[in-house]
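Shown below: model-v6.tsv, with TSV, C-alpha atoms.
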```
chain	number	residue	atom	x	y	z
A	1	MET	CA	26.76	-99.40	-52.75
A	2	PRO	CA	23.11	-98.93	-51.74
A	3	GLU	CA	24.08	-98.56	-48.13
A	4	ARG	CA	26.61	-95.89	-49.06
A	5	ARG	CA	24.02	-93.97	-51.06
A	6	ASN	CA	21.56	-94.12	-48.20
A	7	GLY	CA	24.15	-92.68	-45.83
A	8	GLN	CA	24.84	-89.79	-48.16
A	9	TRP	CA	21.14	-88.96	-48.44
A	10	LEU	CA	20.77	-89.07	-44.70
A	11	LYS	CA	23.67	-86.65	-44.28
A	12	ARG	CA	22.14	-84.31	-46.83
A	13	LEU	CA	18.77	-84.38	-45.07
A	14	ILE	CA	20.38	-83.62	-41.71
A	15	LEU	CA	22.37	-80.77	-43.25
A	16	ALA	CA	19.29	-79.34	-44.95
A	17	GLY	CA	17.24	-79.54	-41.75
A	18	THR	CA	19.97	-77.84	-39.79
A	19	THR	CA	20.23	-75.10	-42.41
A	20	VAL	CA	16.47	-74.50	-42.36
A	21	ALA	CA	16.43	-74.34	-38.56
A	22	VAL	CA	19.33	-71.89	-38.47
A	23	VAL	CA	17.79	-69.66	-41.14
A	24	GLY	CA	14.38	-69.77	-39.42
A	25	GLY	CA	15.95	-68.86	-36.11
A	26	LEU	CA	17.80	-65.95	-37.69
A	27	VAL	CA	14.61	-64.71	-39.37
A	28	PHE	CA	12.67	-64.96	-36.12
A	29	ALA	CA	15.43	-63.26	-34.18
A	30	LEU	CA	15.70	-60.41	-36.66
A	31	GLN	CA	11.95	-59.74	-36.76
A	32	PRO	CA	10.84	-56.64	-34.68
A	33	LYS	CA	9.27	-57.54	-31.37
A	34	PRO	CA	5.72	-56.33	-30.63
A	35	THR	CA	5.60	-53.03	-28.71
A	36	PRO	CA	4.11	-53.41	-25.21
A	37	VAL	CA	1.32	-50.84	-24.82
A	38	ASP	CA	-1.68	-50.04	-22.62
A	39	ILE	CA	-4.97	-50.81	-24.32
A	40	ALA	CA	-8.43	-49.41	-23.54
A	41	VAL	CA	-11.83	-50.46	-24.83
A	42	VAL	CA	-14.15	-47.91	-26.43
A	43	SER	CA	-17.46	-47.83	-24.57
A	44	ARG	CA	-20.77	-45.99	-24.58
A	45	GLY	CA	-21.58	-43.55	-21.80
A	46	ASN	CA	-22.23	-39.97	-20.75
A	47	LEU	CA	-19.71	-37.15	-21.07
A	48	ASP	CA	-19.82	-33.74	-19.39
A	49	VAL	CA	-17.68	-30.82	-20.52
A	50	THR	CA	-16.79	-28.79	-17.45
A	51	ILE	CA	-14.90	-25.67	-16.40
A	52	SER	CA	-12.95	-26.15	-13.18
A	53	GLU	CA	-11.92	-23.36	-10.82
A	54	GLU	CA	-11.37	-22.70	-7.15
A	55	GLY	CA	-14.09	-20.81	-5.31
A	56	VAL	CA	-14.99	-19.64	-1.83
A	57	THR	CA	-18.17	-19.92	0.16
A	58	ARG	CA	-19.77	-16.86	1.68
A	59	ILE	CA	-22.86	-16.04	3.69
A	60	ARG	CA	-25.46	-14.55	1.38
A	61	GLU	CA	-26.52	-11.68	3.66
A	62	ILE	CA	-23.95	-10.16	6.04
A	63	TYR	CA	-25.09	-7.42	8.40
A	64	GLU	CA	-22.60	-4.85	9.66
A	65	VAL	CA	-23.81	-3.48	13.00
A	66	SER	CA	-22.58	0.09	13.43
A	67	ALA	CA	-22.64	2.55	16.31
A	68	PRO	CA	-25.65	4.89	15.95
A	69	VAL	CA	-23.92	7.55	18.08
A	70	GLY	CA	-20.38	8.27	19.13
A	71	GLY	CA	-19.31	7.33	22.64
A	72	ARG	CA	-17.42	4.94	24.88
A	73	VAL	CA	-18.22	1.35	23.93
A	74	GLU	CA	-18.00	-1.25	26.68
A	75	ARG	CA	-15.91	-4.40	26.24
A	76	SER	CA	-17.85	-6.84	24.10
A	77	GLY	CA	-19.01	-10.11	25.60
A	78	LEU	CA	-19.37	-11.70	22.16
A	79	ASP	CA	-16.96	-14.04	20.42
A	80	VAL	CA	-16.82	-15.12	16.79
A	81	GLY	CA	-19.28	-17.97	16.30
A	82	ASP	CA	-21.65	-17.00	19.12
A	83	ARG	CA	-25.33	-17.29	18.25
A	84	VAL	CA	-27.40	-14.09	18.45
A	85	ILE	CA	-31.16	-13.55	18.52
A	86	LYS	CA	-32.85	-10.64	16.77
A	87	GLY	CA	-33.84	-7.87	19.17
A	88	GLU	CA	-32.56	-9.74	22.25
A	89	THR	CA	-28.80	-10.21	22.12
A	90	VAL	CA	-26.84	-7.11	23.15
A	91	ILE	CA	-24.13	-6.26	20.63
A	92	ALA	CA	-22.73	-3.23	22.47
A	93	SER	CA	-23.46	-0.68	25.20
A	94	ILE	CA	-22.43	2.90	24.41
A	95	HIS	CA	-21.76	5.39	27.22
A	96	PRO	CA	-21.03	9.11	26.99
A	97	VAL	CA	-17.40	10.03	26.43
A	98	GLU	CA	-15.38	11.45	29.34
A	99	PRO	CA	-14.47	15.13	28.98
A	100	PRO	CA	-10.95	15.73	27.64
A	101	PHE	CA	-7.97	17.03	29.62
A	102	LEU	CA	-7.46	20.79	29.48
A	103	ASP	CA	-4.13	22.46	28.97
A	104	MET	CA	-3.24	25.58	30.95
A	105	ARG	CA	-4.15	28.03	28.21
A	106	THR	CA	-7.53	26.44	27.50
A	107	ARG	CA	-8.38	26.22	31.18
A	108	SER	CA	-7.51	29.91	31.65
A	109	GLU	CA	-9.69	30.88	28.70
A	110	LEU	CA	-12.61	28.78	29.96
A	111	SER	CA	-12.23	30.14	33.49
A	112	ALA	CA	-12.34	33.70	32.15
A	113	ALA	CA	-15.42	32.80	30.11
A	114	ALA	CA	-17.08	31.38	33.23
A	115	GLU	CA	-16.29	34.56	35.19
A	116	ALA	CA	-17.73	36.66	32.36
A	117	ALA	CA	-20.85	34.52	32.33
A	118	ASN	CA	-21.17	34.92	36.12
A	119	ALA	CA	-20.88	38.69	35.75
A	120	ALA	CA	-23.54	38.61	33.03
A	121	VAL	CA	-25.80	36.74	35.43
A	122	GLY	CA	-25.26	39.54	38.00
A	123	LEU	CA	-26.17	42.21	35.44
A	124	ALA	CA	-29.28	40.29	34.39
A	125	THR	CA	-30.30	39.88	38.05
A	126	ALA	CA	-29.90	43.61	38.66
A	127	GLU	CA	-31.96	44.36	35.58
A	128	VAL	CA	-34.75	42.10	36.86
A	129	SER	CA	-34.70	43.90	40.22
A	130	ARG	CA	-34.84	47.31	38.51
A	131	VAL	CA	-37.77	46.38	36.31
A	132	GLN	CA	-39.59	44.78	39.26
A	133	SER	CA	-39.22	48.01	41.26
A	134	GLN	CA	-40.52	50.12	38.39
A	135	LEU	CA	-43.40	47.67	37.90
A	136	GLU	CA	-44.43	47.90	41.57
A	137	LEU	CA	-44.38	51.69	41.32
A	138	ALA	CA	-46.40	51.63	38.08
A	139	ARG	CA	-48.98	49.28	39.61
A	140	GLY	CA	-49.42	51.69	42.57
A	141	ASP	CA	-49.89	54.59	40.14
A	142	LEU	CA	-52.46	52.50	38.24
A	143	ARG	CA	-54.47	51.84	41.42
A	144	ARG	CA	-54.58	55.51	42.24
A	145	ALA	CA	-55.41	56.48	38.65
A	146	ARG	CA	-58.28	53.98	38.63
A	147	ALA	CA	-59.73	55.50	41.82
A	148	LEU	CA	-59.44	59.04	40.42
A	149	PHE	CA	-60.87	57.99	37.08
A	150	GLU	CA	-63.90	56.46	38.80
A	151	ARG	CA	-64.53	59.84	40.51
A	152	ARG	CA	-64.01	61.58	37.17
A	153	THR	CA	-61.06	63.47	38.55
A	154	ILE	CA	-58.60	62.54	35.73
A	155	SER	CA	-59.18	62.10	32.06
A	156	GLU	CA	-59.61	58.79	30.37
A	157	ARG	CA	-56.32	59.27	28.52
A	158	ALA	CA	-54.39	59.65	31.76
A	159	PHE	CA	-55.91	56.38	33.02
A	160	GLU	CA	-54.95	54.62	29.77
A	161	ASN	CA	-51.36	55.90	30.06
A	162	ALA	CA	-51.11	54.41	33.55
A	163	THR	CA	-52.47	51.07	32.31
A	164	THR	CA	-50.08	51.03	29.34
A	165	GLN	CA	-47.13	51.78	31.61
A	166	VAL	CA	-47.92	48.68	33.71
A	167	ASP	CA	-48.22	46.49	30.59
A	168	VAL	CA	-44.89	47.74	29.25
A	169	LEU	CA	-43.06	47.11	32.51
A	170	GLU	CA	-44.57	43.61	32.80
A	171	ALA	CA	-43.23	42.83	29.33
A	172	GLN	CA	-39.82	44.23	30.30
A	173	LEU	CA	-39.86	42.05	33.43
A	174	THR	CA	-40.57	38.97	31.30
A	175	GLN	CA	-37.70	39.92	29.00
A	176	ALA	CA	-35.38	40.52	31.95
A	177	ASN	CA	-36.23	37.12	33.45
A	178	ALA	CA	-35.59	35.42	30.10
A	179	THR	CA	-32.26	37.20	29.83
A	180	LEU	CA	-31.39	36.09	33.37
A	181	ASN	CA	-32.19	32.46	32.49
A	182	LEU	CA	-30.07	32.77	29.35
A	183	ARG	CA	-27.10	34.14	31.33
A	184	ARG	CA	-27.47	31.37	33.92
A	185	SER	CA	-27.43	28.75	31.14
A	186	GLU	CA	-24.33	30.34	29.67
A	187	LEU	CA	-22.73	30.21	33.12
A	188	ASP	CA	-23.61	26.49	33.47
A	189	SER	CA	-22.18	25.83	30.00
A	190	ALA	CA	-18.94	27.66	30.83
A	191	ARG	CA	-18.59	25.75	34.11
A	192	ALA	CA	-19.36	22.43	32.34
A	193	ARG	CA	-16.42	22.97	29.98
A	194	LEU	CA	-14.20	23.11	33.06
A	195	ILE	CA	-15.26	19.65	34.34
A	196	PRO	CA	-12.15	17.41	34.47
A	197	PRO	CA	-12.09	13.76	33.35
A	198	GLY	CA	-13.36	11.31	35.96
A	199	ALA	CA	-15.51	13.86	37.80
A	200	GLN	CA	-18.78	12.57	39.26
A	201	PRO	CA	-21.86	13.97	37.48
A	202	ALA	CA	-24.13	16.27	39.39
A	203	ASP	CA	-27.11	14.18	38.28
A	204	PRO	CA	-26.83	10.59	39.66
A	205	ASN	CA	-29.04	9.24	36.87
A	206	ALA	CA	-26.61	10.54	34.25
A	207	ALA	CA	-23.94	8.03	35.32
A	208	SER	CA	-26.05	5.06	34.20
A	209	CYS	CA	-27.17	6.63	30.96
A	210	CYS	CA	-26.17	4.56	27.95
A	211	MET	CA	-27.43	3.32	24.59
A	212	VAL	CA	-27.81	-0.43	24.07
A	213	VAL	CA	-27.43	-1.84	20.54
A	214	HIS	CA	-29.25	-5.15	19.89
A	215	ALA	CA	-28.75	-7.70	17.12
A	216	PRO	CA	-30.74	-6.71	14.00
A	217	VAL	CA	-31.11	-10.35	12.84
A	218	SER	CA	-30.71	-13.85	14.21
A	219	GLY	CA	-27.58	-15.74	13.22
A	220	ALA	CA	-23.96	-16.01	14.30
A	221	VAL	CA	-21.20	-13.49	14.98
A	222	LEU	CA	-18.73	-13.43	12.09
A	223	GLU	CA	-16.42	-10.69	13.33
A	224	VAL	CA	-16.14	-8.43	16.37
A	225	GLN	CA	-14.49	-5.11	15.58
A	226	ALA	CA	-14.62	-3.63	19.08
A	227	GLU	CA	-13.58	-6.40	21.48
A	228	SER	CA	-12.08	-4.11	24.13
A	229	GLU	CA	-13.55	-0.94	25.56
A	230	ARG	CA	-12.83	2.03	23.36
A	231	VAL	CA	-14.17	5.37	22.14
A	232	MET	CA	-15.81	5.09	18.73
A	233	THR	CA	-17.38	7.62	16.41
A	234	ALA	CA	-20.89	7.36	15.02
A	235	GLY	CA	-21.02	4.90	12.12
A	236	SER	CA	-18.08	2.77	13.31
A	237	ILE	CA	-18.56	-0.97	12.75
A	238	LEU	CA	-19.16	-2.89	15.97
A	239	ALA	CA	-19.65	-6.44	14.63
A	240	GLU	CA	-20.67	-8.49	11.60
A	241	ILE	CA	-23.57	-10.94	11.81
A	242	GLY	CA	-24.85	-13.54	9.36
A	243	ASP	CA	-26.61	-16.92	9.10
A	244	PRO	CA	-24.02	-19.69	8.44
A	245	ARG	CA	-26.74	-21.92	6.97
A	246	ASP	CA	-27.48	-19.39	4.22
A	247	LEU	CA	-24.37	-20.02	2.09
A	248	GLU	CA	-23.51	-19.36	-1.54
A	249	ILE	CA	-20.37	-19.93	-3.61
A	250	VAL	CA	-18.38	-17.31	-5.50
A	251	VAL	CA	-16.03	-18.42	-8.29
A	252	ASP	CA	-13.90	-16.02	-10.33
A	253	LEU	CA	-13.62	-17.32	-13.89
A	254	LEU	CA	-11.73	-16.24	-16.94
A	255	SER	CA	-14.04	-14.05	-18.99
A	256	ALA	CA	-13.55	-16.39	-21.97
A	257	ASP	CA	-14.86	-19.27	-19.82
A	258	ALA	CA	-17.67	-17.25	-18.25
A	259	VAL	CA	-19.35	-16.65	-21.63
A	260	LYS	CA	-19.72	-20.43	-22.05
A	261	ILE	CA	-21.76	-20.77	-18.86
A	262	VAL	CA	-25.49	-20.12	-18.66
A	263	GLU	CA	-27.48	-19.33	-15.54
A	264	GLY	CA	-29.00	-22.53	-14.17
A	265	ALA	CA	-26.04	-24.70	-15.20
A	266	ARG	CA	-25.22	-27.65	-12.95
A	267	ALA	CA	-22.03	-27.70	-10.90
A	268	ARG	CA	-20.21	-30.10	-8.62
A	269	VAL	CA	-18.45	-29.06	-5.40
A	270	LEU	CA	-15.28	-31.11	-4.89
A	271	ASP	CA	-12.35	-31.14	-2.47
A	272	TRP	CA	-14.27	-29.23	0.19
A	273	GLY	CA	-13.11	-31.47	3.02
A	274	GLY	CA	-16.04	-33.89	3.13
A	275	GLY	CA	-16.07	-37.33	1.64
A	276	ASN	CA	-19.02	-36.73	-0.67
A	277	THR	CA	-19.62	-34.51	-3.68
A	278	LEU	CA	-21.98	-31.58	-3.23
A	279	HIS	CA	-24.12	-30.13	-5.99
A	280	ALA	CA	-24.87	-26.52	-6.89
A	281	ILE	CA	-26.63	-24.39	-9.50
A	282	VAL	CA	-25.25	-21.27	-11.20
A	283	ARG	CA	-27.50	-18.41	-10.09
A	284	GLN	CA	-25.75	-15.42	-11.65
A	285	ILE	CA	-22.86	-14.45	-13.89
A	286	ASN	CA	-21.81	-10.93	-12.92
A	287	PRO	CA	-22.00	-8.49	-15.85
A	288	VAL	CA	-18.84	-6.64	-14.75
A	289	GLY	CA	-15.34	-8.10	-14.96
A	290	PHE	CA	-12.12	-7.15	-13.24
A	291	THR	CA	-8.39	-7.47	-13.86
A	292	LYS	CA	-6.43	-9.98	-11.80
A	293	VAL	CA	-2.73	-10.75	-11.93
A	294	SER	CA	-2.04	-14.49	-12.00
A	295	ALA	CA	0.74	-16.28	-10.13
A	296	LEU	CA	2.84	-16.03	-13.30
A	297	GLY	CA	2.44	-12.25	-13.40
A	298	ILE	CA	-0.04	-12.27	-16.30
A	299	GLU	CA	-2.97	-9.86	-16.25
A	300	GLU	CA	-6.25	-11.73	-16.73
A	301	GLN	CA	-9.81	-10.54	-17.12
A	302	ARG	CA	-11.94	-12.31	-14.55
A	303	VAL	CA	-15.69	-12.51	-13.90
A	304	ASN	CA	-17.42	-13.64	-10.71
A	305	ALA	CA	-20.05	-16.39	-10.89
A	306	VAL	CA	-22.42	-16.95	-7.96
A	307	LEU	CA	-23.74	-20.45	-7.23
A	308	ASP	CA	-26.40	-21.77	-4.86
A	309	PHE	CA	-26.13	-25.09	-3.04
A	310	GLU	CA	-28.63	-27.80	-3.85
A	311	GLY	CA	-30.10	-30.06	-1.19
A	312	GLU	CA	-30.63	-29.67	2.52
A	313	PRO	CA	-28.37	-27.30	4.49
A	314	ASP	CA	-27.30	-30.22	6.68
A	315	ALA	CA	-25.31	-31.59	3.72
A	316	TYR	CA	-22.92	-28.61	3.82
A	317	ALA	CA	-23.35	-27.63	7.46
A	318	ARG	CA	-19.60	-28.06	8.11
A	319	LEU	CA	-18.79	-25.29	5.63
A	320	GLY	CA	-18.67	-21.69	6.76
A	321	HIS	CA	-17.91	-18.20	5.52
A	322	ASP	CA	-14.83	-17.88	3.25
A	323	PHE	CA	-14.14	-21.63	3.01
A	324	ARG	CA	-12.19	-22.87	-0.03
A	325	VAL	CA	-13.93	-25.28	-2.44
A	326	PHE	CA	-13.20	-26.65	-5.91
A	327	ILE	CA	-15.96	-26.23	-8.49
A	328	GLU	CA	-16.72	-28.04	-11.75
A	329	ILE	CA	-19.35	-26.20	-13.81
A	330	VAL	CA	-20.99	-28.19	-16.60
A	331	THR	CA	-21.06	-26.36	-19.95
A	332	GLU	CA	-22.05	-29.29	-22.22
A	333	GLU	CA	-23.81	-32.61	-21.59
A	334	HIS	CA	-23.56	-35.57	-23.98
A	335	THR	CA	-25.59	-38.70	-23.18
A	336	ASP	CA	-25.24	-42.17	-24.75
A	337	ALA	CA	-22.07	-41.14	-26.58
A	338	ILE	CA	-19.12	-43.21	-27.84
A	339	VAL	CA	-16.50	-42.41	-25.23
A	340	VAL	CA	-12.76	-42.88	-25.65
A	341	PRO	CA	-10.04	-41.98	-23.11
A	342	LEU	CA	-8.34	-38.71	-23.90
A	343	GLY	CA	-4.94	-40.34	-23.50
A	344	ALA	CA	-5.57	-42.38	-26.66
A	345	LEU	CA	-5.88	-39.27	-28.87
A	346	PHE	CA	-3.20	-37.26	-30.62
A	347	ARG	CA	-2.97	-34.86	-33.54
A	348	ASP	CA	-1.99	-36.12	-36.99
A	349	GLU	CA	-1.98	-33.85	-40.04
A	350	GLY	CA	-4.18	-31.37	-38.21
A	351	LYS	CA	-6.78	-34.00	-37.31
A	352	TRP	CA	-7.53	-36.03	-34.21
A	353	ALA	CA	-6.25	-39.61	-34.52
A	354	THR	CA	-5.72	-42.81	-32.52
A	355	PHE	CA	-4.20	-46.25	-32.92
A	356	ARG	CA	-6.88	-48.94	-33.15
A	357	VAL	CA	-5.66	-52.44	-32.30
A	358	ASN	CA	-6.80	-55.15	-34.74
A	359	GLY	CA	-5.29	-58.62	-34.46
A	360	GLY	CA	-2.21	-57.33	-32.66
A	361	VAL	CA	-1.59	-54.62	-35.28
A	362	ALA	CA	-1.96	-50.88	-34.54
A	363	ASP	CA	-3.88	-49.15	-37.33
A	364	LEU	CA	-3.91	-45.34	-37.56
A	365	VAL	CA	-7.50	-44.02	-37.53
A	366	HIS	CA	-8.59	-40.39	-37.92
A	367	LEU	CA	-11.52	-39.28	-35.79
A	368	GLU	CA	-14.19	-36.60	-35.56
A	369	LEU	CA	-15.04	-35.50	-32.04
A	370	ASP	CA	-18.26	-34.06	-30.64
A	371	ALA	CA	-16.71	-32.85	-27.37
A	372	ARG	CA	-13.95	-33.59	-24.91
A	373	ASN	CA	-13.03	-32.88	-21.34
A	374	ASP	CA	-9.94	-33.48	-19.22
A	375	GLN	CA	-10.39	-37.26	-19.19
A	376	SER	CA	-12.46	-38.45	-22.15
A	377	ALA	CA	-13.78	-37.48	-25.58
A	378	ALA	CA	-17.09	-38.14	-27.35
A	379	VAL	CA	-16.40	-39.60	-30.82
A	380	ALA	CA	-18.67	-38.65	-33.71
A	381	SER	CA	-17.06	-40.99	-36.26
A	382	GLY	CA	-14.01	-43.25	-36.67
A	383	LEU	CA	-14.56	-45.72	-33.83
A	384	ASP	CA	-17.22	-48.19	-32.74
A	385	ILE	CA	-18.20	-49.73	-29.45
A	386	ASP	CA	-15.74	-52.37	-28.14
A	387	ASP	CA	-12.89	-51.16	-30.37
A	388	GLN	CA	-9.50	-51.36	-28.70
A	389	VAL	CA	-7.24	-48.31	-28.75
A	390	VAL	CA	-3.69	-47.67	-27.56
A	391	ILE	CA	-3.33	-45.42	-24.49
A	392	HIS	CA	-0.41	-42.99	-24.62
A	393	PRO	CA	1.24	-44.57	-27.69
A	394	PRO	CA	5.07	-44.31	-27.68
A	395	ASP	CA	6.85	-42.29	-30.35
A	396	SER	CA	8.37	-45.49	-31.73
A	397	LEU	CA	4.97	-46.95	-32.65
A	398	GLN	CA	4.23	-46.60	-36.36
A	399	PRO	CA	1.01	-47.35	-38.28
A	400	GLY	CA	0.82	-51.09	-38.90
A	401	GLY	CA	3.24	-51.89	-36.10
A	402	ARG	CA	2.71	-54.93	-33.94
A	403	VAL	CA	1.63	-54.32	-30.35
A	404	VAL	CA	0.99	-56.43	-27.31
A	405	SER	CA	-0.96	-55.45	-24.20
A	406	ARG	CA	1.04	-55.03	-21.04
A	407	ASP	CA	-1.66	-56.71	-18.97
A	408	GLY	CA	-1.89	-59.67	-21.36
A	409	ARG	CA	-5.25	-58.82	-22.94
```
Represent the supplied structure as structure tokens.
Amino acid sequence: MPERRNGQWLKRLILAGTTVAVVGGLVFALQPKPTPVDIAVVSRGNLDVTISEEGVTRIREIYEVSAPVGGRVERSGLDVGDRVIKGETVIASIHPVEPPFLDMRTRSELSAAAEAANAAVGLATAEVSRVQSQLELARGDLRRARALFERRTISERAFENATTQVDVLEAQLTQANATLNLRRSELDSARARLIPPGAQPADPNAASCCMVVHAPVSGAVLEVQAESERVMTAGSILAEIGDPRDLEIVVDLLSADAVKIVEGARARVLDWGGGNTLHAIVRQINPVGFTKVSALGIEEQRVNAVLDFEGEPDAYARLGHDFRVFIEIVTEEHTDAIVVPLGALFRDEGKWATFRVNGGVADLVHLELDARNDQSAAVASGLDIDDQVVIHPPDSLQPGGRVVSRDGR
């Protein structure tokens, strides 16, 4: 009998153990598994709030060299990028323009005008001869009147009349000669209008006459407007010159962003093609805005900001005029702040919140922020140094839910 009882108790114990194991396995299997998440550690550091925009570089002072007079400009020997020296490098040589072709009607009119001018010269020459003859006669009369007056044969008035007659005729001769010179000049002018294109000038020195335009400043050629020989009017642009080492940056910002920036603010120059980051300072925020249509067709009010490079020009020597750069302008600086990745934050009941990991459990914590940028946020309250937070929490994660780090931390 005792052996039978012991066997029954043993069977009961085995049955009870099996039942407990099965129930425990079911409970463990039915429990929710921890959610795998990415976890970051809250740290202390510096945080800059920036405004990012594309900008372009430009030479600060660009000189447009224009033609002081109209004429035929020779083919330029300059190319874009050539160095020029103030007062030495020749920008352009300007020669007189060839006379235009004449149509039949115009040539006939000018020929008639030349013939009329030639006839006027003949009339003026005849008038000079007439006055000269009268003057010679009056001078002879004056010599005789002087001799008679010395012998008291004629009156003093008669002698004065003879003298006056000579003076009047001398004045008429001067007038006649001036008129003759005028008619000759008119004849030369009429004949000059008949000169055809390509005719050799009467004066050999006139063929080499030209005006040479020199570089007003030292620098490099940015653009050549007149590469080939052509006729240009006075004031036409010949070339643009500037110093490539004297660069500045122009960034057009949204007007709402521009009001957040102060002159003297720090900026970083990124994605300019070099491997390092350049630094700049905001020199000016233009007081006048302009309307610009975005790629989405939205009208935006924009404002230009002008920045100066910091450091030696050799650092940005590979940049030139109208090069694209990417600018980050610092609007706020927070030092020794509690910094949390922006991906750990979300909105909950109108407040900023995050999931803080404590013993494998995700607790919902509301935060107050001092500032934030595109990557991080400065926390005023709600978190401490070395706290662990969930990065990009999934929608399935609820407050108090169990979590496990994907990287095993």
TODO: Do a neighbour search on Phe309 (chain A) at 7 Å with only C-alpha atoms, toss out local chain neighbours closer than 2 positions, and write the hits as a PyMOL selection string.
DONE: chain A and resi 248+279-281+307+311
- [ ] Grab the CA of Phe101 (chain A) to CA of Pro196 (chain A) distance for me, in Å with one decimal place.
- [x] 6.4 Å
Name all residues at most 12 Å from Glu136 (chain A) (count only C-alpha atoms; drop same-chain ones fewer than 6 positions away) and give them as a PDB file with C-alpha atoms, keeping the file's coordinate frame.
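Resulting contents of result-v3.pdb:
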```pdb
ATOM      1  CA  SER A 129     -34.700  43.900  40.220  1.00  0.00           C
ATOM      2  CA  ARG A 130     -34.840  47.310  38.510  1.00  0.00           C
ATOM      3  CA  LEU A 142     -52.460  52.500  38.240  1.00  0.00           C
ATOM      4  CA  ARG A 143     -54.470  51.840  41.420  1.00  0.00           C
ATOM      5  CA  GLN A 165     -47.130  51.780  31.610  1.00  0.00           C
ATOM      6  CA  VAL A 166     -47.920  48.680  33.710  1.00  0.00           C
ATOM      7  CA  ASP A 167     -48.220  46.490  30.590  1.00  0.00           C
ATOM      8  CA  LEU A 169     -43.060  47.110  32.510  1.00  0.00           C
ATOM      9  CA  GLU A 170     -44.570  43.610  32.800  1.00  0.00           C
ATOM     10  CA  LEU A 173     -39.860  42.050  33.430  1.00  0.00           C
TER      11      LEU A 173
END
```
TODO: Give the answer as one residue: which of A:Leu222, A:Thr18, A:Asp348, A:Val259 has the shortest atom-to-atom distance to Asp322 (chain A), using all atoms listed in the file?
DONE: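 Nearest candidate to Asp322 (chain A) out of A:Leu222, A:Thr18, A:Asp348, A:Val259: A:Leu222.
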Task: Shortest interatomic distance to Ala145 (chain A) - which of A:Ala126, A:Ala317, A:Ala377, A:Ala162, counting all atoms listed in the file - done: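 Once distances to Ala145 (chain A) are computed over all atoms listed in the file, the minimum belongs to A:Ala162.
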- [ ] Can you pull out every residue within 6 Å of Asn304 (chain A), counting only C-alpha atoms, but drop anything in the same chain fewer than 6 positions away, and send it as an MDAnalysis selection string?
- [x] chainID A and resid 251:252 286
Task: Two-atom distance - CA of Val250 (chain A), CA of Gly55 (chain A) (Å) - done: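 Rounded to one decimal, the two atoms are 5.5 Å apart.
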Open item on the list: When you look at Ala380 (chain A) with a cut-off of 10 Å (counting only C-alpha atoms), what residues show up, excluding the ones that are within fewer than 5 positions of it in the same chain? I need them as a list in words.
Closed with: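 Contacts, with the query itself left out: Ala337, Ile338, Val339, Leu367, Glu368, Leu369, Asp370 and Ala371 of chain A.
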Task: Residue contacts of region 87-90 of chain A (8 Å, only C-alpha atoms) excluding same-chain residues fewer than 3 positions away, as an NGL selection string - done: :A and (84 or 93 or 212-217)
TODO: Could you jot down the CA of Ala117 (chain A) to CA of Gln132 (chain A) separation for me, Å, one decimal place?
DONE: 22.5 Å
Task: Selected residue, from A:Leu135, A:Ile237, A:Leu110, A:Leu253, that lies nearest to Ala190 (chain A) when counting all atoms listed in the file - done: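 Between A:Leu135, A:Ile237, A:Leu110, A:Leu253, the residue approaching Ala190 (chain A) most closely is A:Leu110.
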Task: Polymer residues at most 12 Å from (-6.3, -41.9, -23.9) by all atoms listed in the file, as a PyMOL selection string - done: chain A and resi 37-42+339-346+352-356+372-378+388-393
Could you write those residues out with C-alpha atoms, as a JSON list (two decimals), in the frame of the given file?
```
[["chain", "number", "residue", "atom", "x", "y", "z"],
["A", 37, "VAL", "CA", 1.32, -50.84, -24.82],
["A", 38, "ASP", "CA", -1.68, -50.04, -22.62],
["A", 39, "ILE", "CA", -4.97, -50.81, -24.32],
["A", 40, "ALA", "CA", -8.43, -49.41, -23.54],
["A", 41, "VAL", "CA", -11.83, -50.46, -24.83],
["A", 42, "VAL", "CA", -14.15, -47.91, -26.43],
["A", 339, "VAL", "CA", -16.50, -42.41, -25.23],
["A", 340, "VAL", "CA", -12.76, -42.88, -25.65],
["A", 341, "PRO", "CA", -10.04, -41.98, -23.11],
["A", 342, "LEU", "CA", -8.34, -38.71, -23.90],
["A", 343, "GLY", "CA", -4.94, -40.34, -23.50],
["A", 344, "ALA", "CA", -5.57, -42.38, -26.66],
["A", 345, "LEU", "CA", -5.88, -39.27, -28.87],
["A", 346, "PHE", "CA", -3.20, -37.26, -30.62],
["A", 352, "TRP", "CA", -7.53, -36.03, -34.21],
["A", 353, "ALA", "CA", -6.25, -39.61, -34.52],
["A", 354, "THR", "CA", -5.72, -42.81, -32.52],
["A", 355, "PHE", "CA", -4.20, -46.25, -32.92],
["A", 356, "ARG", "CA", -6.88, -48.94, -33.15],
["A", 372, "ARG", "CA", -13.95, -33.59, -24.91],
["A", 373, "ASN", "CA", -13.03, -32.88, -21.34],
["A", 374, "ASP", "CA", -9.94, -33.48, -19.22],
["A", 375, "GLN", "CA", -10.39, -37.26, -19.19],
["A", 376, "SER", "CA", -12.46, -38.45, -22.15],
["A", 377, "ALA", "CA", -13.78, -37.48, -25.58],
["A", 378, "ALA", "CA", -17.09, -38.14, -27.35],
["A", 388, "GLN", "CA", -9.50, -51.36, -28.70],
["A", 389, "VAL", "CA", -7.24, -48.31, -28.75],
["A", 390, "VAL", "CA", -3.69, -47.67, -27.56],
["A", 391, "ILE", "CA", -3.33, -45.42, -24.49],
["A", 392, "HIS", "CA", -0.41, -42.99, -24.62],
["A", 393, "PRO", "CA", 1.24, -44.57, -27.69]]
```
Is it possible to get the axis-aligned box enclosing region 46-52 of chain A (all listed atoms, 6 Å extra per side) as JSON, with centre and edge lengths in Å rounded to one decimal?
```
{"center_x": -17.6, "center_y": -32.8, "center_z": -17.1, "size_x": 21.3, "size_y": 26.3, "size_z": 19.9}
```
